[in-house]
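One file, model15.cif, carrying mmCIF, C-alpha atoms and all ligand atoms:
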```
data_coords
loop_
_atom_site.label_atom_id
_atom_site.label_comp_id
_atom_site.auth_asym_id
_atom_site.auth_seq_id
_atom_site.Cartn_x
_atom_site.Cartn_y
_atom_site.Cartn_z
CA MET C 1 -9.76 -6.09 -11.82
CA SER C 2 -10.47 -9.53 -10.38
CA ASP C 3 -14.17 -8.60 -10.30
CA ALA C 4 -14.22 -8.65 -14.09
CA ARG C 5 -13.29 -12.36 -14.07
CA PRO C 6 -16.21 -14.66 -15.05
CA PRO C 7 -17.26 -16.94 -12.17
CA ARG C 8 -15.36 -20.25 -12.05
CA GLY C 9 -16.42 -23.56 -10.56
CA ASP C 10 -15.01 -22.76 -7.12
CA ASP C 11 -16.67 -19.36 -7.02
CA ARG C 12 -20.01 -20.96 -7.76
CA ARG C 13 -19.62 -23.49 -4.97
CA ASN C 14 -18.99 -20.66 -2.52
CA SER C 15 -21.90 -18.57 -3.70
CA ALA C 16 -25.19 -18.45 -1.80
CA PRO C 17 -27.25 -21.69 -1.76
CA GLY C 18 -30.03 -21.71 -4.27
CA ALA C 19 -28.31 -19.27 -6.59
CA LYS C 20 -28.54 -20.63 -10.12
CA PRO C 21 -25.42 -20.70 -12.25
CA LYS C 22 -25.82 -18.49 -15.27
CA SER C 23 -24.13 -20.87 -17.75
CA PRO C 24 -23.43 -24.67 -17.59
CA ALA C 25 -20.01 -25.38 -16.03
CA PRO C 26 -17.33 -26.59 -18.50
CA PRO C 27 -16.38 -30.22 -17.80
CA PRO C 28 -13.28 -30.41 -15.55
CA PRO C 29 -10.17 -31.39 -17.55
CA LYS C 30 -9.54 -35.13 -17.31
CA PRO C 31 -6.22 -36.05 -15.67
CA ARG C 32 -3.95 -37.31 -18.46
CA ARG C 33 -3.13 -40.96 -18.02
CA VAL C 34 0.08 -42.45 -19.33
CA PRO C 35 -0.89 -45.38 -21.50
CA TRP C 36 0.34 -48.59 -19.84
CA ILE C 37 2.29 -49.57 -22.96
CA VAL C 38 4.46 -46.43 -22.64
CA ALA C 39 5.10 -47.22 -19.00
CA ILE C 40 6.20 -50.76 -19.85
CA VAL C 41 8.54 -49.52 -22.58
CA VAL C 42 10.11 -46.93 -20.25
CA VAL C 43 10.62 -49.45 -17.44
CA GLY C 44 11.97 -52.01 -19.93
CA LEU C 45 14.48 -49.52 -21.32
CA ALA C 46 15.59 -48.53 -17.83
CA VAL C 47 16.18 -52.21 -16.97
CA LEU C 48 18.14 -52.73 -20.23
CA VAL C 49 20.33 -49.66 -19.74
CA GLY C 50 20.93 -50.53 -16.08
CA GLY C 51 21.76 -54.11 -17.05
CA PHE C 52 24.16 -52.91 -19.74
CA PHE C 53 26.11 -50.77 -17.29
CA LEU C 54 26.15 -53.56 -14.70
CA TRP C 55 27.49 -55.94 -17.35
CA LEU C 56 30.00 -53.33 -18.54
CA GLY C 57 31.26 -52.94 -14.98
CA SER C 58 31.71 -56.69 -14.57
CA ALA C 59 33.32 -57.02 -18.03
CA GLY C 60 36.08 -54.51 -17.30
CA GLY C 61 34.30 -51.22 -18.09
CA PHE C 62 35.45 -49.40 -21.19
CA SER C 63 38.96 -50.75 -20.88
CA ALA C 64 40.56 -51.66 -24.20
CA ARG C 65 42.77 -54.11 -22.33
CA ALA C 66 40.04 -56.64 -21.63
CA LYS C 67 39.57 -59.66 -23.88
CA PRO C 68 36.29 -59.53 -25.83
CA THR C 69 33.82 -62.14 -24.58
CA GLY C 70 32.83 -64.95 -26.94
CA ILE C 71 29.39 -63.39 -27.50
CA GLU C 72 30.91 -59.99 -28.26
CA ALA C 73 33.38 -61.45 -30.75
CA PHE C 74 30.62 -63.50 -32.40
CA LEU C 75 28.27 -60.50 -32.63
CA ALA C 76 31.00 -58.27 -34.03
CA ARG C 77 31.94 -60.85 -36.68
CA THR C 78 28.31 -61.43 -37.67
CA MET C 79 27.51 -57.72 -37.85
CA ARG C 80 30.54 -57.14 -40.04
CA SER C 81 29.79 -59.93 -42.47
CA LEU C 82 26.17 -58.72 -42.70
CA ALA C 83 27.33 -55.15 -43.33
CA LEU C 84 29.71 -56.15 -46.12
CA PRO C 85 28.05 -55.50 -49.50
CA SER C 86 27.97 -58.81 -51.38
CA ARG C 87 29.05 -57.05 -54.59
CA ALA C 88 32.26 -55.95 -52.84
CA SER C 89 32.77 -59.44 -51.48
CA HIS C 90 32.67 -61.02 -54.96
CA ARG C 91 35.16 -58.67 -56.59
CA LYS C 92 38.12 -60.44 -58.15
CA ASN C 93 41.71 -59.30 -57.59
CA PRO C 94 42.86 -57.96 -60.98
CA TYR C 95 46.56 -58.14 -60.02
CA PRO C 96 48.23 -61.54 -59.80
CA SER C 97 50.72 -62.02 -56.99
CA ALA C 98 54.18 -61.21 -58.41
CA PRO C 99 57.49 -61.28 -56.47
CA ALA C 100 58.46 -57.63 -57.16
CA ALA C 101 54.98 -56.38 -56.24
CA LEU C 102 55.11 -58.44 -53.02
CA VAL C 103 58.30 -56.64 -52.00
CA THR C 104 56.70 -53.21 -52.55
CA ALA C 105 53.52 -54.27 -50.77
CA GLY C 106 55.62 -55.59 -47.89
CA GLU C 107 57.26 -52.17 -47.53
CA ASN C 108 53.86 -50.51 -47.62
CA PHE C 109 52.58 -52.95 -45.00
CA ALA C 110 55.65 -52.38 -42.80
CA ALA C 111 55.19 -48.60 -43.01
CA HIS C 112 51.40 -48.34 -42.54
CA CYS C 113 49.97 -51.56 -41.14
CA ALA C 114 52.65 -53.26 -39.06
CA ILE C 115 52.35 -50.77 -36.21
CA CYS C 116 49.18 -52.67 -35.28
CA HIS C 117 49.44 -55.92 -37.26
CA ASN C 118 53.20 -56.60 -36.92
CA ASN C 119 55.37 -57.45 -39.92
CA ASN C 120 54.38 -61.11 -39.76
CA GLY C 121 50.67 -60.26 -39.32
CA ASP C 122 50.27 -61.79 -35.84
CA GLY C 123 49.10 -58.47 -34.33
CA LYS C 124 51.46 -58.74 -31.37
CA THR C 125 52.70 -55.15 -31.17
CA THR C 126 52.23 -52.56 -28.45
CA PHE C 127 49.32 -51.08 -30.41
CA GLY C 128 47.82 -54.40 -31.47
CA ARG C 129 47.87 -55.95 -28.01
CA ASN C 130 46.18 -52.92 -26.48
CA LEU C 131 43.41 -52.33 -29.02
CA TYR C 132 39.90 -53.57 -28.43
CA PRO C 133 39.11 -55.55 -30.46
CA HIS C 134 42.66 -56.75 -31.09
CA PRO C 135 43.73 -57.07 -34.69
CA PRO C 136 43.29 -60.72 -35.67
CA ASP C 137 46.25 -62.87 -36.72
CA LEU C 138 46.11 -62.12 -40.45
CA ARG C 139 47.75 -65.49 -41.18
CA GLY C 140 44.94 -67.36 -39.46
CA PHE C 141 41.80 -68.95 -40.82
CA THR C 142 39.43 -66.07 -39.98
CA THR C 143 41.30 -63.73 -42.33
CA GLN C 144 42.61 -66.17 -44.93
CA ASP C 145 39.13 -67.64 -45.36
CA LYS C 146 37.76 -64.25 -46.46
CA SER C 147 37.53 -63.44 -50.16
CA ASP C 148 39.99 -61.05 -51.82
CA GLY C 149 37.04 -58.68 -52.26
CA ASP C 150 36.34 -58.77 -48.48
CA LEU C 151 39.94 -57.90 -47.64
CA TYR C 152 40.08 -55.16 -50.28
CA TYR C 153 36.85 -53.62 -48.97
CA THR C 154 38.11 -53.82 -45.37
CA ILE C 155 41.38 -52.07 -46.19
CA ARG C 156 39.71 -49.31 -48.26
CA ASN C 157 36.88 -48.67 -45.80
CA GLY C 158 38.27 -49.63 -42.40
CA ILE C 159 36.12 -51.12 -39.64
CA ARG C 160 33.83 -48.92 -37.62
CA LEU C 161 34.13 -48.83 -33.83
CA SER C 162 37.51 -50.51 -34.02
CA GLY C 163 41.12 -49.45 -34.45
CA MET C 164 41.18 -50.48 -38.11
CA PRO C 165 41.48 -47.25 -40.14
CA ALA C 166 40.26 -46.79 -43.73
CA PHE C 167 42.91 -46.38 -46.40
CA PRO C 168 40.90 -44.77 -49.22
CA ASP C 169 43.71 -42.64 -50.66
CA ASP C 170 45.97 -45.40 -51.92
CA SER C 171 45.57 -46.38 -55.57
CA PRO C 172 43.32 -49.42 -56.03
CA ARG C 173 46.36 -51.27 -57.32
CA ARG C 174 48.33 -50.69 -54.11
CA THR C 175 45.40 -51.98 -52.08
CA TRP C 176 44.96 -55.11 -54.22
CA GLU C 177 48.68 -55.75 -53.84
CA LEU C 178 48.31 -55.48 -50.05
CA VAL C 179 45.64 -58.18 -50.37
CA ASN C 180 48.18 -60.36 -52.21
CA PHE C 181 50.68 -59.59 -49.46
CA ILE C 182 48.20 -60.72 -46.77
CA ARG C 183 47.78 -63.99 -48.72
CA HIS C 184 51.57 -64.31 -48.72
CA LEU C 185 51.92 -63.73 -44.93
CA PRO C 186 51.50 -67.41 -43.88
CA LYS C 187 54.62 -68.33 -45.89
CA ILE C 188 56.72 -65.19 -45.35
CA THR C 189 60.45 -65.86 -44.85
CA PRO C 190 62.73 -64.51 -42.07
CA ARG C 191 64.70 -62.70 -44.77
CA GLU C 192 61.63 -60.84 -46.01
CA LEU C 193 60.75 -59.94 -42.40
CA ARG C 194 64.21 -58.50 -41.86
CA GLN C 195 63.87 -56.40 -45.03
CA MET C 196 60.54 -55.03 -43.80
CA ARG C 197 62.07 -53.76 -40.56
CA LYS C 198 63.70 -50.89 -42.43
CA TYR C 199 60.27 -49.49 -43.24
CA ASN C 200 58.75 -49.84 -39.78
CA PRO C 201 57.85 -46.78 -37.74
CA LYS C 202 59.98 -46.57 -34.60
CA THR C 203 57.16 -47.31 -32.20
CA ILE C 204 56.22 -50.74 -33.54
CA PHE C 205 57.99 -52.88 -30.95
CA PRO C 206 57.56 -52.64 -27.22
CA ALA C 207 60.70 -51.24 -25.62
CA PRO C 208 62.38 -54.57 -24.68
CA LEU C 209 62.08 -55.79 -28.29
CA MET C 210 63.43 -52.60 -29.86
CA PRO C 211 66.32 -53.58 -32.08
CA GLN C 212 69.49 -52.17 -30.56
CA SER C 213 71.32 -50.44 -33.39
CA LYS C 214 74.65 -50.04 -31.58
CA PRO C 215 75.59 -50.91 -28.04
CA ALA C 216 75.57 -47.50 -26.34
CA ALA C 217 78.93 -46.41 -24.90
CA PRO C 218 78.71 -46.32 -21.10
CA ALA C 219 78.11 -42.68 -20.21
CA PRO C 220 80.44 -41.37 -17.53
CA ALA C 221 78.51 -40.71 -14.35
CA GLN C 222 80.63 -37.66 -13.61
CA MET C 223 83.13 -35.55 -15.45
CA PRO C 224 86.53 -37.08 -14.91
CA PRO C 225 88.69 -35.07 -12.55
CA ALA C 226 90.81 -32.46 -14.37
CA HIS C 227 93.97 -33.70 -12.64
CA PRO C 228 94.43 -37.07 -11.10
CA GLY C 229 93.94 -36.71 -7.42
CA SER C 230 91.90 -33.48 -7.55
CA PRO C 231 88.21 -33.69 -6.49
CA ALA C 232 85.61 -34.23 -9.28
CA PRO C 233 83.71 -31.05 -10.21
CA SER C 234 80.38 -30.86 -8.45
CA LYS C 235 77.18 -29.65 -10.12
CA GLY C 236 76.95 -26.40 -8.24
CA ARG C 237 80.49 -25.28 -9.14
CA LYS C 238 81.02 -22.63 -11.76
C1 LIG X 301 45.82 -48.48 -35.74
C2 LIG X 301 45.82 -49.89 -35.89
C3 LIG X 301 45.67 -50.51 -37.25
C4 LIG X 301 46.32 -50.16 -38.41
C5 LIG X 301 47.33 -49.04 -38.63
C6 LIG X 301 45.85 -51.09 -39.41
N1 LIG X 301 44.96 -51.97 -38.87
FE1 LIG X 301 44.03 -53.49 -39.86
N2 LIG X 301 42.96 -53.91 -38.18
C7 LIG X 301 43.12 -53.30 -36.95
C8 LIG X 301 42.19 -53.88 -36.03
C9 LIG X 301 42.04 -53.49 -34.57
C10 LIG X 301 41.46 -54.85 -36.73
C11 LIG X 301 40.36 -55.75 -36.18
C12 LIG X 301 39.06 -55.01 -36.20
C13 LIG X 301 37.88 -55.89 -35.82
O1 LIG X 301 38.06 -57.10 -35.61
O2 LIG X 301 36.78 -55.36 -35.74
C14 LIG X 301 41.98 -54.84 -38.08
C15 LIG X 301 41.51 -55.66 -39.09
C16 LIG X 301 42.07 -55.75 -40.34
C17 LIG X 301 41.65 -56.65 -41.38
C18 LIG X 301 40.47 -57.62 -41.29
C19 LIG X 301 40.94 -58.98 -40.92
C20 LIG X 301 39.80 -59.95 -40.82
O3 LIG X 301 40.06 -61.11 -40.49
O4 LIG X 301 38.66 -59.56 -41.06
C21 LIG X 301 42.47 -56.47 -42.45
C22 LIG X 301 42.43 -57.21 -43.77
C23 LIG X 301 43.41 -55.44 -42.08
N3 LIG X 301 43.14 -55.02 -40.80
C24 LIG X 301 44.42 -54.99 -42.90
C25 LIG X 301 45.16 -53.85 -42.64
C26 LIG X 301 46.09 -53.25 -43.59
C27 LIG X 301 46.43 -53.82 -44.95
C28 LIG X 301 46.57 -52.12 -42.99
C29 LIG X 301 47.52 -51.12 -43.56
C30 LIG X 301 47.28 -50.57 -44.85
C31 LIG X 301 45.99 -52.06 -41.66
N4 LIG X 301 45.15 -53.11 -41.49
C32 LIG X 301 46.28 -51.06 -40.72
C33 LIG X 301 44.01 -52.30 -36.65
C34 LIG X 301 44.83 -51.65 -37.55
#
```
Please express the file's structure as C-alpha cells.
Ligand code: HEC
Amino acid sequence: MSDARPPRGDDRRNSAPGAKPKSPAPPPPKPRRVPWIVAIVVVGLAVLVGGFFLWLGSAGGFSARAKPTGIEAFLARTMRSLALPSRASHRKNPYPSAPAALVTAGENFAAHCAICHNNNGDGKTTFGRNLYPHPPDLRGFTTQDKSDGDLYYTIRNGIRLSGMPAFPDDSPRRTWELVNFIRHLPKITPRELRQMRKYNPKTIFPAPLMPQSKPAAPAPAQMPPAHPGSPAPSKGRK
C-alpha cells in the first residue's frame, strides 16, 4: 500500500545520487509566524489581568465589606451619569409635594426602601452597611443635587452591578411621589419617622437596635418542683 504513495521530499533525498526527480518539489510550508502586534496585545492583556487580580487582592478581594476607593467611587459616579439618558434627566415631576401623598410615600419607602436606605435615608441598616457600594445618604448633596428626573429614572431602572433594585411595577405616580419623599427626607420629623416604623420589614435594624415590643417575662430555667421540697424534674424523667 505504501508503495503507491508518490515520492515525498525525504524519499527523494534518500534515493540514489544522480537520480532525477520526476516533478519539481512543492515548496516546504512556511512556519506560521505570530505577528508581533498580536504578541504585544496578548502580553499586555496578561499584565492587565494579573494587575487587576493583584489589586483586587490588596483591596480586600470581592468582599462587600470593604470601602470603595476614591477612584472606584469616582469612576462609578461618572459612568452612571454618562449612562443616564439626558431626556430622562430633564423630565419634570408632574406631582407637587402634598402632605397626604408624603405620608403614603413614606409608608411605601418604609416597606420597600428602608431595609437598605433606613427610614431617615442615611443608609445605616444591616443591609445598607454591608452592600458594596453602600447606599448613599439620600439626604446628602450627592442625591439632593440630582434632578427629579434622575431620581425617578434611578428608582424605575435600578443601578446595575449594585444592590439598588429596579422598581418598574409601581405606577409612575407612586414613583414620582417617592421622589418627593426623598426631597422631604432632609427635613423629616421624629414623629414621621416613628409612623414609618410600622411599615418596616422586621429585618431592617441590626439586632441591638430592634425595638423591644414588650419586656419578655423571664423564662423559668426549670419546671418548678411539683411539691416544695421535692427534687425538680430532670429532662430524662418520664
Ligand atoms: C437591597 C437594597 C436596596 C433597596 C431595597 C433599595 N435601594 Fe436604593 N440604592 C441601593 C444602593 C446600594 C444604592 C447605591 C448604588 C450605587 O451607588 O451605585 C442605591 C441608590 C439609590 C438612589 C440613588 C441615589 C444617588 O445619589 O444617586 C436612589 C434615588 C434610591 N436608591 C432610591 C431607592 C428607593 C426609592 C427605593 C425603594 C423603592 C430603594 N432605593 C430601594 C440599595 C437599595
Please provide as a PyMOL selection string all residues within 10 Å of Thr104 (chain C), with the sequence filter that same-chain residues fewer than 2 positions apart are discarded (counting all atoms listed in the file). chain C and resi 99-102+106-110+174+177-178+181+196
Taking only C-alpha atoms and all ligand atoms into account, report as a short mmCIF file (atom, residue, chain, number, x, y, z; two decimals) with C-alpha atoms, in the coordinates of the input which residues have an atom no farther than 6 Å from an atom of ligand LIG 301 (chain X).
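Result file is result20.cif:
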```
data_model
loop_
_atom_site.label_atom_id
_atom_site.label_comp_id
_atom_site.auth_asym_id
_atom_site.auth_seq_id
_atom_site.Cartn_x
_atom_site.Cartn_y
_atom_site.Cartn_z
CA PHE C 109 52.58 -52.95 -45.00
CA HIS C 112 51.40 -48.34 -42.54
CA CYS C 113 49.97 -51.56 -41.14
CA ILE C 115 52.35 -50.77 -36.21
CA CYS C 116 49.18 -52.67 -35.28
CA LEU C 131 43.41 -52.33 -29.02
CA PRO C 133 39.11 -55.55 -30.46
CA HIS C 134 42.66 -56.75 -31.09
CA PRO C 135 43.73 -57.07 -34.69
CA PRO C 136 43.29 -60.72 -35.67
CA THR C 142 39.43 -66.07 -39.98
CA THR C 143 41.30 -63.73 -42.33
CA LEU C 151 39.94 -57.90 -47.64
CA THR C 154 38.11 -53.82 -45.37
CA ILE C 155 41.38 -52.07 -46.19
CA ILE C 159 36.12 -51.12 -39.64
CA SER C 162 37.51 -50.51 -34.02
CA GLY C 163 41.12 -49.45 -34.45
CA MET C 164 41.18 -50.48 -38.11
CA PRO C 165 41.48 -47.25 -40.14
CA LEU C 178 48.31 -55.48 -50.05
#
```
For region 90-97 of chain C, find every residue with an atom within 7 Å (counting only C-alpha atoms), except residues of its own chain fewer than 6 positions away, and show them as a PDB file with C-alpha atoms, keeping the file's coordinate frame.
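Heads up, here's the output in out29.pdb:
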```
ATOM      1  CA  ASP C 148      39.990 -61.050 -51.820  1.00  0.00           C
ATOM      2  CA  GLY C 149      37.040 -58.680 -52.260  1.00  0.00           C
ATOM      3  CA  TRP C 176      44.960 -55.110 -54.220  1.00  0.00           C
ATOM      4  CA  GLU C 177      48.680 -55.750 -53.840  1.00  0.00           C
ATOM      5  CA  ASN C 180      48.180 -60.360 -52.210  1.00  0.00           C
TER       6      ASN C 180
END
```
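Counting all atoms listed in the file, the residue from C:Asp145, C:Thr78, C:Gly44, C:Lys202 that sits nearest to Thr126 (chain C) is C:Lys202.
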Any idea what's packed within 8 Å of Arg139 (chain C), counting all atoms listed in the file, ignoring anything in its chain fewer than 5 positions away? Could you give it as a ChimeraX atom specification? /C:121-122,144,182-183,185-186
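Near Phe52 (chain C), within a cut-off of 12 Å and counting all atoms listed in the file, sit the residues Leu45, Ala46, Ser58, Ala59, Gly61 and Phe62 of chain C, with same-chain residues fewer than 6 positions away left out.
Across the structure, CA of Val103 (chain C) and CA of Phe141 (chain C) are spaced 23.4 Å apart.
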As a check of understanding: the span from CA of Gly51 (chain C) to CA of Glu72 (chain C) is 15.6 Å
